[in-house]
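The structure under discussion appears below in the form of C-alpha cells.
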Amino acid sequence: MTLPTPFTGLHEYRLRFVRTALTTLISIGLACPGFGVPAAHAASAGARSASVKIALDLQGELATRTHAPGARWSRDIGGVRQIQAIVVSNSSDPAMSDLRASVRALGGSIHAVHAAVHALTVQIDASAVAALAERSDVVSVSPNRQTQRTFSTIEAVTGATNAAVRTYSSKSNYSGYDGSGIGIAILDSGVMRGHAAFNGPSGVRVKRNVTMLSSTLANWTTGVAGVSSLQPGSAALTSYENSVANDSAVTPDGYGHGTHVASVAAGRYFAPTSTYQQDMNGIAPGANVYDVKVLGDTGLGTVSDAIEGIEWVIFHARQYNIRVMNVSLAAQSTESWQTDPLCAAVRSATAAGITVVVAAGNFGTNASQKQVYGQISAPGNDPSVITVGSVNLHGTNVRDDDTINNFSSRGPTMGGPTDAAGVHHADNVIKPDLVAPGNIIVGAGSTVGTGLTWNFLASTYLANLVSALGIAEYTNQTQMLLSGTSIAAPVVAGAAAVLLQANPGLTPPLIKSILQATAQPLRGASLVQQGTGELNLDGAVRLAKVMRTDVASAIAAGTIKPGDSMLTGSVTATSTVAGSTFNWSRMNILGGSHVVDGLAFVSHYSPLMDPRVTWASGHVLMRTPVYWSGTGIAANTYVQSFTNTTPTNLSLVPAGVILADALAGTSSMIGQTGVFTPSLTLATWLPSGATLKQGVTLSSGLVLSEGLVLSEGLVLSEGLVLSEGLVLSEGLVLSEGLVLSERTVLGE
C-alpha cells in the first residue's frame, strides 16, 4: 500500500471506502452559519477571528513588543521584532502558493514547507502576524517553540501530579499511584522492550512480547487442516505459545506506533542523557506492559490477527494480572456492535474483567476539511469499551483553552442491522465516551536493530516527528512526536491502571462511569464530539478511593444486590488541575443513548456494573466467561469460551438517579439539542432533570427509541460511510490513521 501523492491530509492514509449500496455521506461545513458548531473547532479558518487563530503564548509576546524578546522564537533584528512561527493552512493548493506569496508580501520569509502537515515555518515581523492570521486559508499561527526537558505534559494536564494521585520530590522519587502491579496489554505494532522508558526499579517492565501476525491465515493459498485444543498444560498450548513468542526479537516494533503508545500509557522517566530531551513520563509509569503485536512494520494487519491478540490477552489476563488493554487501531464496519467480530472480541475481554480502551479514530473531517459525524469505527463503536477522542492542549498545561482536535472522530455510531426490507437501522450509540490529550505528544521512538536506525514512521516523517524535537537522540533513549486519538487512548488506559491500583475491586464499567462522571466538559463541544469531557485523573482517583473495594469479587460471588450501597465516603465534585478549577461533569452515558447523574448512579449497585452485562440499542446482553477446569488447572484462571444470554427484568438504573434525556431533547444540529447538546450545557442543566422514582428495568421501556436518538430531520443512518476512513478489503486493519499533528510544533 502506498501513500497518495501529494500527501495533504490529516490521516496517514487518505483511502476511500467504496460501496455502491452505501453512498450517502453526511458532511457538515463548519463555516455554515446556524449549525451551532463552535468557531474554535472550525475546519474552515474563515469562520474564526484572527485572535482565535493565534496561539496564546504568541499573543502574549505580541502584546509586549516594547520589551526585550521573551521567547527563543522571538528576536529583535535591526530594531524590528521578528517572530518564527508555524502557519497551518487549509488551502486546497498543496503548494500553498498564495499563502507563501502573502508571507513574502508582508515582508516575511519561508523557512520550510511541511507538505505532510500542510503548514509553513515562517519568519515575519511581529506587526504582521495579525494580518497573516486574518487570511481565510490560515487555520492557526503558532510560535516555533524550543523544546526542553520538563515535567511530563500529559501528567500535569490530566492531574496525575496532583496529591491525590502522586507527589514528586524529583522525577525519580515520588510517592502515590503509578499503576504498579497492574498489567496493560498494548494491542499494536509492537513495543521496544529495550527502550529506557520501560525500565523500572525492579527491571524491564515489558514482561512479554508476542506476535499474532499470521503468515498463512490470509494469503489465500494455505488452509488450516484442523484446530487443536489449547488446554492449559497441553503440548498444543506449549507449541502455540512458542510460535507466538516474540520476546527476543531484535526489532519488536519496526513501525514505531506501538512503542510510542505504550510509553504514553506507562513510560517512565529515565534520566535522559541530554538535558534537552523531553520528560515523557506516562500516566502509569509503574505499570507492567504486555506487547501484543497485531500490526506489521508498515502499520497493517488483519481482523483475524487482532482477534487472536485479544484472545491471547483474555487467556493470560489473570495469570499476568492484565487488567487493561489499549486498542489504538480500527476497522471499517457497517455492522452493529452486536454482530461485528472485533466488537465481540473486545466485549469478551470486558466480560473477563479487562478494561478495554479504544481510539475513536482520526476521521473527524473529510477531504474538504468539513466536519463529519458518525465516524466511529470498530471496535470503538462497542458500548462496553471506553472510546477516547483527542484534545488539543494549545501549548499549555492549563485546561481552560483545550479544544477537541478537528481530526478526532465524532459519533454517534452508524453501524447497525439491515432488516428484511433492506432498511438500515443505525445503532446510534453516543461516542466518544470522553477525550484526552492527543496532539503532538512526546513519547518513546523505537529503533530498528541495535543502533539508531529509525522506525518506519520516524524515518518517513523525520522532519515532523523527530527533527521537530530539536534534540540529540541516544541509543535506547530515542524520542518522537505523534498525534491522534491513538495517542489519546493510552492516556486513558494509563489512568485505568492507576484507578485499579487505588481500588483493585473496580470493574471495567465502574472505571468507565468514574472517568465519565469526573471528566471536565470542554466549552462548545457536544456529546458526540467529547462525550462527557476531558479526562480528570485527580477527580477519578478521589472518587475511586471512596468506593467499595470488593465490588468485582462480590459480583463473582453473587453477594451484591441491586441498590446496595457502593460508597464508603464522600467527595467534592470539583478539581483543580494545572491551575484550573472546574466542576466535574457528573454525567454518565448509559444504554448507549441516555444521560444520567453519574455520581448518583455509582452510589448504589446496578447490574450495569457487572462487566458481563452490556446495554445499548434497546438490548441487554450478558456474556459470561467459561473457565478451563481439570486436574492441575488453576480454577477460574484461563478462559476457554463464553456463553451469551439475554437477561430480562434487570433493575438497570437505581431509583433516585437523575435522568437528563428530556433536558437534551430530540437531536438537532441546528438547535444544538439531543446528541448535539454541548456537554457543558447539559452538565449545568443536570440537577433539574427528572429523578427516577423506581429502578428502571428493561421491561419498563427505557430503550434507545426513548433516549437521545436522532430526529427525523437529520438522518445519520441509511447509506452513511466512512468518508476518509479505511479500505479494508479482505479484513485489513489500519492503526486508525496516523496524524502527524494538528499543530506542527511541540505542545501546540
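Residue numbers start at 1 in each chain; chains themselves are named A, B, ... in the order of the C-alpha cells; ligands are numbered from 1 in the order shown.
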Worksheet item: Excluding same-chain residues fewer than 3 positions from Met480 in chain A, what lies within 6 Å of it counting only C-alpha atoms, as a VMD selection string?
Response: chain A and resid 442 to 443 445 465 to 466
Could those residues be written to a file, using all heavy atoms, as a short mmCIF file (atom, residue, chain, number, x, y, z; two decimals), in the first residue's frame?
```cif
data_model
loop_
_atom_site.label_atom_id
_atom_site.label_comp_id
_atom_site.auth_asym_id
_atom_site.auth_seq_id
_atom_site.Cartn_x
_atom_site.Cartn_y
_atom_site.Cartn_z
N VAL A 442 4.97 13.85 23.19
CA VAL A 442 6.30 13.26 23.18
C VAL A 442 6.24 11.86 23.76
O VAL A 442 5.60 11.63 24.79
CB VAL A 442 7.28 14.11 24.00
CG1 VAL A 442 8.69 13.51 23.94
CG2 VAL A 442 7.29 15.54 23.52
N GLY A 443 6.87 10.91 23.09
CA GLY A 443 6.90 9.54 23.59
C GLY A 443 8.12 8.82 23.09
O GLY A 443 8.96 9.38 22.36
N GLY A 445 10.48 6.54 20.91
CA GLY A 445 10.58 6.21 19.50
C GLY A 445 11.39 4.93 19.33
O GLY A 445 12.56 4.87 19.71
N LEU A 465 8.26 14.35 12.99
CA LEU A 465 8.15 13.52 14.17
C LEU A 465 9.41 13.48 15.02
O LEU A 465 9.34 13.19 16.22
CB LEU A 465 7.78 12.09 13.77
CG LEU A 465 6.53 11.91 12.91
CD1 LEU A 465 6.23 10.43 12.71
CD2 LEU A 465 5.35 12.64 13.51
N VAL A 466 10.56 13.77 14.43
CA VAL A 466 11.82 13.67 15.17
C VAL A 466 12.54 15.01 15.21
O VAL A 466 12.83 15.55 16.28
CB VAL A 466 12.73 12.59 14.54
CG1 VAL A 466 14.07 12.54 15.28
CG2 VAL A 466 12.05 11.23 14.59
#
```
Discussion item. One decimal, in Å: what's the spacing between CA of Thr532 in chain A and CA of Gln516 in chain A?
Written reply: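 Here the two named atoms are 5.6 Å from each other.
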Item to complete: Have a look at A:Asp610, A:Asp291, A:Glu534, A:Glu473 and name the one nearest to Arg193 in chain A; count only C-alpha atoms.
Response: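 Checking each of A:Asp610, A:Asp291, A:Glu534, A:Glu473 against Arg193 in chain A, counting only C-alpha atoms, the winner is A:Asp291.
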Worksheet item: Of the candidates A:Thr339, A:Thr387, A:Ser483, A:Thr648, which shows the shortest atom-to-atom distance to Leu535 in chain A, using only C-alpha atoms?
Response: A:Thr387
Discussion item. Set the distance at 12 Å and use only C-alpha atoms: which residues neighbour Pro521 in chain A once local chain neighbours fewer than 3 positions away are removed? I'd like the list as a ChimeraX atom specification.
Written reply: /A:391,399-400,402-404,433-436,515-518,524-527,529-536,582-587,677-684
Fill in: Spatial neighbours of range 560-569 of chain A, max dist 9 Å, only C-alpha atoms, sep filter under 5 positions, as a ChimeraX atom specification
/A:543,545-548,551,554-555,602-607,650-652,654-655,695
Those same residues, written as a PDB file, in the first residue's frame with C-alpha atoms?
```pdb
ATOM      1  CA  LEU A 543     -13.896   9.022  43.647  1.00  0.00           C
ATOM      2  CA  LYS A 545     -10.964   5.707  46.776  1.00  0.00           C
ATOM      3  CA  VAL A 546     -14.379   6.237  48.386  1.00  0.00           C
ATOM      4  CA  MET A 547     -15.963   3.238  46.641  1.00  0.00           C
ATOM      5  CA  ARG A 548     -16.173  -0.324  47.899  1.00  0.00           C
ATOM      6  CA  VAL A 551     -17.208  -4.999  44.017  1.00  0.00           C
ATOM      7  CA  ALA A 554     -18.869  -9.649  45.220  1.00  0.00           C
ATOM      8  CA  ILE A 555     -20.249  -9.768  41.671  1.00  0.00           C
ATOM      9  CA  VAL A 602     -22.333   4.896  41.157  1.00  0.00           C
ATOM     10  CA  SER A 603     -23.614   5.384  44.718  1.00  0.00           C
ATOM     11  CA  HIS A 604     -25.752   2.214  44.573  1.00  0.00           C
ATOM     12  CA  TYR A 605     -25.096  -1.072  42.839  1.00  0.00           C
ATOM     13  CA  SER A 606     -26.578  -1.667  39.401  1.00  0.00           C
ATOM     14  CA  PRO A 607     -26.267  -4.794  37.230  1.00  0.00           C
ATOM     15  CA  LEU A 650     -32.895  -6.349  35.439  1.00  0.00           C
ATOM     16  CA  SER A 651     -33.029  -3.156  37.505  1.00  0.00           C
ATOM     17  CA  LEU A 652     -30.589  -1.285  35.300  1.00  0.00           C
ATOM     18  CA  PRO A 654     -31.364   2.606  40.523  1.00  0.00           C
ATOM     19  CA  ALA A 655     -34.106   4.822  41.915  1.00  0.00           C
ATOM     20  CA  GLY A 695     -35.370   1.461  39.424  1.00  0.00           C
TER      21      GLY A 695
END
```
Item to complete: List every residue of range 635-664 of chain A that DSSP, applied to the backbone of this structure, assigns to strand (DSSP E), and report them as a PyMOL selection string.
Response: chain A and resi 639-645+651-653+658-659
Export of the given selection (N, CA, C and O atoms) as a PDB file, in the first residue's frame:
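Heads up, here's the output in result.pdb:
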```
ATOM      1  N   VAL A 639      -9.623 -18.581  30.542  1.00  0.00           N
ATOM      2  CA  VAL A 639     -10.916 -18.589  29.859  1.00  0.00           C
ATOM      3  C   VAL A 639     -10.870 -19.552  28.677  1.00  0.00           C
ATOM      4  O   VAL A 639      -9.951 -19.505  27.854  1.00  0.00           O
ATOM      5  N   GLN A 640     -11.874 -20.399  28.599  1.00  0.00           N
ATOM      6  CA  GLN A 640     -11.979 -21.343  27.496  1.00  0.00           C
ATOM      7  C   GLN A 640     -12.953 -20.847  26.431  1.00  0.00           C
ATOM      8  O   GLN A 640     -12.709 -20.967  25.238  1.00  0.00           O
ATOM      9  N   SER A 641     -14.081 -20.266  26.871  1.00  0.00           N
ATOM     10  CA  SER A 641     -15.107 -19.819  25.940  1.00  0.00           C
ATOM     11  C   SER A 641     -16.041 -18.853  26.658  1.00  0.00           C
ATOM     12  O   SER A 641     -15.807 -18.498  27.826  1.00  0.00           O
ATOM     13  N   PHE A 642     -17.102 -18.441  25.959  1.00  0.00           N
ATOM     14  CA  PHE A 642     -18.098 -17.541  26.542  1.00  0.00           C
ATOM     15  C   PHE A 642     -19.492 -18.038  26.205  1.00  0.00           C
ATOM     16  O   PHE A 642     -19.726 -18.612  25.131  1.00  0.00           O
ATOM     17  N   THR A 643     -20.405 -17.806  27.119  1.00  0.00           N
ATOM     18  CA  THR A 643     -21.815 -18.056  26.836  1.00  0.00           C
ATOM     19  C   THR A 643     -22.531 -16.722  26.706  1.00  0.00           C
ATOM     20  O   THR A 643     -22.112 -15.722  27.294  1.00  0.00           O
ATOM     21  N   ASN A 644     -23.609 -16.699  25.942  1.00  0.00           N
ATOM     22  CA  ASN A 644     -24.365 -15.472  25.714  1.00  0.00           C
ATOM     23  C   ASN A 644     -25.828 -15.698  26.069  1.00  0.00           C
ATOM     24  O   ASN A 644     -26.436 -16.673  25.608  1.00  0.00           O
ATOM     25  N   THR A 645     -26.373 -14.813  26.889  1.00  0.00           N
ATOM     26  CA  THR A 645     -27.774 -14.889  27.267  1.00  0.00           C
ATOM     27  C   THR A 645     -28.397 -13.501  27.155  1.00  0.00           C
ATOM     28  O   THR A 645     -27.697 -12.498  27.039  1.00  0.00           O
ATOM     29  N   SER A 651     -32.899  -4.543  37.068  1.00  0.00           N
ATOM     30  CA  SER A 651     -33.029  -3.156  37.505  1.00  0.00           C
ATOM     31  C   SER A 651     -31.765  -2.421  37.091  1.00  0.00           C
ATOM     32  O   SER A 651     -30.765  -2.409  37.809  1.00  0.00           O
ATOM     33  N   LEU A 652     -31.806  -1.815  35.911  1.00  0.00           N
ATOM     34  CA  LEU A 652     -30.589  -1.285  35.300  1.00  0.00           C
ATOM     35  C   LEU A 652     -30.134   0.031  35.910  1.00  0.00           C
ATOM     36  O   LEU A 652     -28.943   0.275  36.067  1.00  0.00           O
ATOM     37  N   VAL A 653     -31.078   0.924  36.211  1.00  0.00           N
ATOM     38  CA  VAL A 653     -30.735   2.234  36.767  1.00  0.00           C
ATOM     39  C   VAL A 653     -31.455   2.382  38.099  1.00  0.00           C
ATOM     40  O   VAL A 653     -32.687   2.350  38.143  1.00  0.00           O
ATOM     41  N   ILE A 658     -30.909  10.941  38.544  1.00  0.00           N
ATOM     42  CA  ILE A 658     -31.493  11.951  37.667  1.00  0.00           C
ATOM     43  C   ILE A 658     -31.266  11.560  36.215  1.00  0.00           C
ATOM     44  O   ILE A 658     -30.144  11.247  35.806  1.00  0.00           O
ATOM     45  N   LEU A 659     -32.327  11.577  35.433  1.00  0.00           N
ATOM     46  CA  LEU A 659     -32.273  11.269  34.010  1.00  0.00           C
ATOM     47  C   LEU A 659     -32.352  12.577  33.226  1.00  0.00           C
ATOM     48  O   LEU A 659     -33.259  13.382  33.439  1.00  0.00           O
TER      49      LEU A 659
END
```
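For Ala50 in chain A, the residues within 9 Å (counting only C-alpha atoms, excluding itself and residues fewer than 2 positions away along the chain) are Arg48, Val52, Lys53, Ile54, Ala130, Ala131, Leu132, Ala133, Glu134, Arg135 and Ser140 of chain A.
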Each residue of range 344-395 of chain A with at least one atom at most 12 Å from range 179-187 of chain A should appear once, together with its nearest atom pair and the corresponding distance in Å (one decimal); atoms considered: only C-alpha atoms; ordering: chain, then increasing residue number; output as a Markdown table.
```
| residue | atom | partner | partner_atom | distance |
| --- | --- | --- | --- | --- |
| A:Val346 | CA | A:Leu187 | CA | 11.3 |
| A:Ala349 | CA | A:Ala185 | CA | 11.3 |
| A:Ile354 | CA | A:Ile184 | CA | 9.4 |
| A:Thr355 | CA | A:Ile184 | CA | 9.4 |
| A:Val356 | CA | A:Ala185 | CA | 9.4 |
| A:Val357 | CA | A:Ile186 | CA | 10.1 |
| A:Val358 | CA | A:Leu187 | CA | 10.0 |
| A:Ala359 | CA | A:Leu187 | CA | 11.6 |
```
Produce a file of the selected residues containing N, CA, C and O atoms, as an mmCIF file, in the first residue's frame.
```
data_model
loop_
_atom_site.group_PDB
_atom_site.id
_atom_site.type_symbol
_atom_site.label_atom_id
_atom_site.label_comp_id
_atom_site.auth_asym_id
_atom_site.auth_seq_id
_atom_site.Cartn_x
_atom_site.Cartn_y
_atom_site.Cartn_z
ATOM 1 N N VAL A 346 -13.682 -7.526 21.851
ATOM 2 C CA VAL A 346 -13.410 -6.600 22.962
ATOM 3 C C VAL A 346 -14.462 -6.730 24.049
ATOM 4 O O VAL A 346 -14.174 -6.525 25.240
ATOM 5 N N ALA A 349 -13.396 -9.459 26.201
ATOM 6 C CA ALA A 349 -12.333 -9.006 27.111
ATOM 7 C C ALA A 349 -12.924 -8.252 28.292
ATOM 8 O O ALA A 349 -12.512 -8.451 29.441
ATOM 9 N N ILE A 354 -11.401 -7.160 31.931
ATOM 10 C CA ILE A 354 -10.341 -6.300 31.381
ATOM 11 C C ILE A 354 -10.960 -4.985 30.922
ATOM 12 O O ILE A 354 -11.919 -4.985 30.140
ATOM 13 N N THR A 355 -10.434 -3.874 31.385
ATOM 14 C CA THR A 355 -10.893 -2.564 30.928
ATOM 15 C C THR A 355 -10.288 -2.293 29.564
ATOM 16 O O THR A 355 -9.066 -2.196 29.425
ATOM 17 N N VAL A 356 -11.130 -2.189 28.549
ATOM 18 C CA VAL A 356 -10.670 -2.025 27.177
ATOM 19 C C VAL A 356 -10.825 -0.557 26.773
ATOM 20 O O VAL A 356 -11.918 0.004 26.839
ATOM 21 N N VAL A 357 -9.719 0.045 26.345
ATOM 22 C CA VAL A 357 -9.703 1.444 25.916
ATOM 23 C C VAL A 357 -9.383 1.482 24.428
ATOM 24 O O VAL A 357 -8.407 0.867 23.984
ATOM 25 N N VAL A 358 -10.217 2.191 23.659
ATOM 26 C CA VAL A 358 -10.119 2.168 22.204
ATOM 27 C C VAL A 358 -10.046 3.594 21.663
ATOM 28 O O VAL A 358 -10.744 4.492 22.150
ATOM 29 N N ALA A 359 -9.220 3.805 20.650
ATOM 30 C CA ALA A 359 -9.151 5.098 19.971
ATOM 31 C C ALA A 359 -10.423 5.328 19.160
ATOM 32 O O ALA A 359 -10.920 4.423 18.494
#
```
Discussion item. Quick check, in Å to one decimal: how far apart do CA of Gln375 in chain A and CA of Ser409 in chain A lie?
Written reply: 5.5 Å
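Considering the residues A:Tyr177, A:Leu230, A:Thr460, A:Gly674 and counting only C-alpha atoms, Ala164 in chain A has its shortest atom-to-atom contact with A:Tyr177.
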Worksheet item: Hey, what's within 9 Å of Pro285 in chain A if we count only C-alpha atoms and toss same-chain stuff fewer than 4 positions away? As a PyMOL selection string, please?
Response: chain A and resi 178-180+197-198+200+263-269+281+494
Worksheet item: Skipping near chain neighbours, those fewer than 4 positions away, what residues fall within 7 Å of Thr365 in chain A using only C-alpha atoms, listed as a PyMOL selection string?
Response: chain A and resi 369-372+406-407
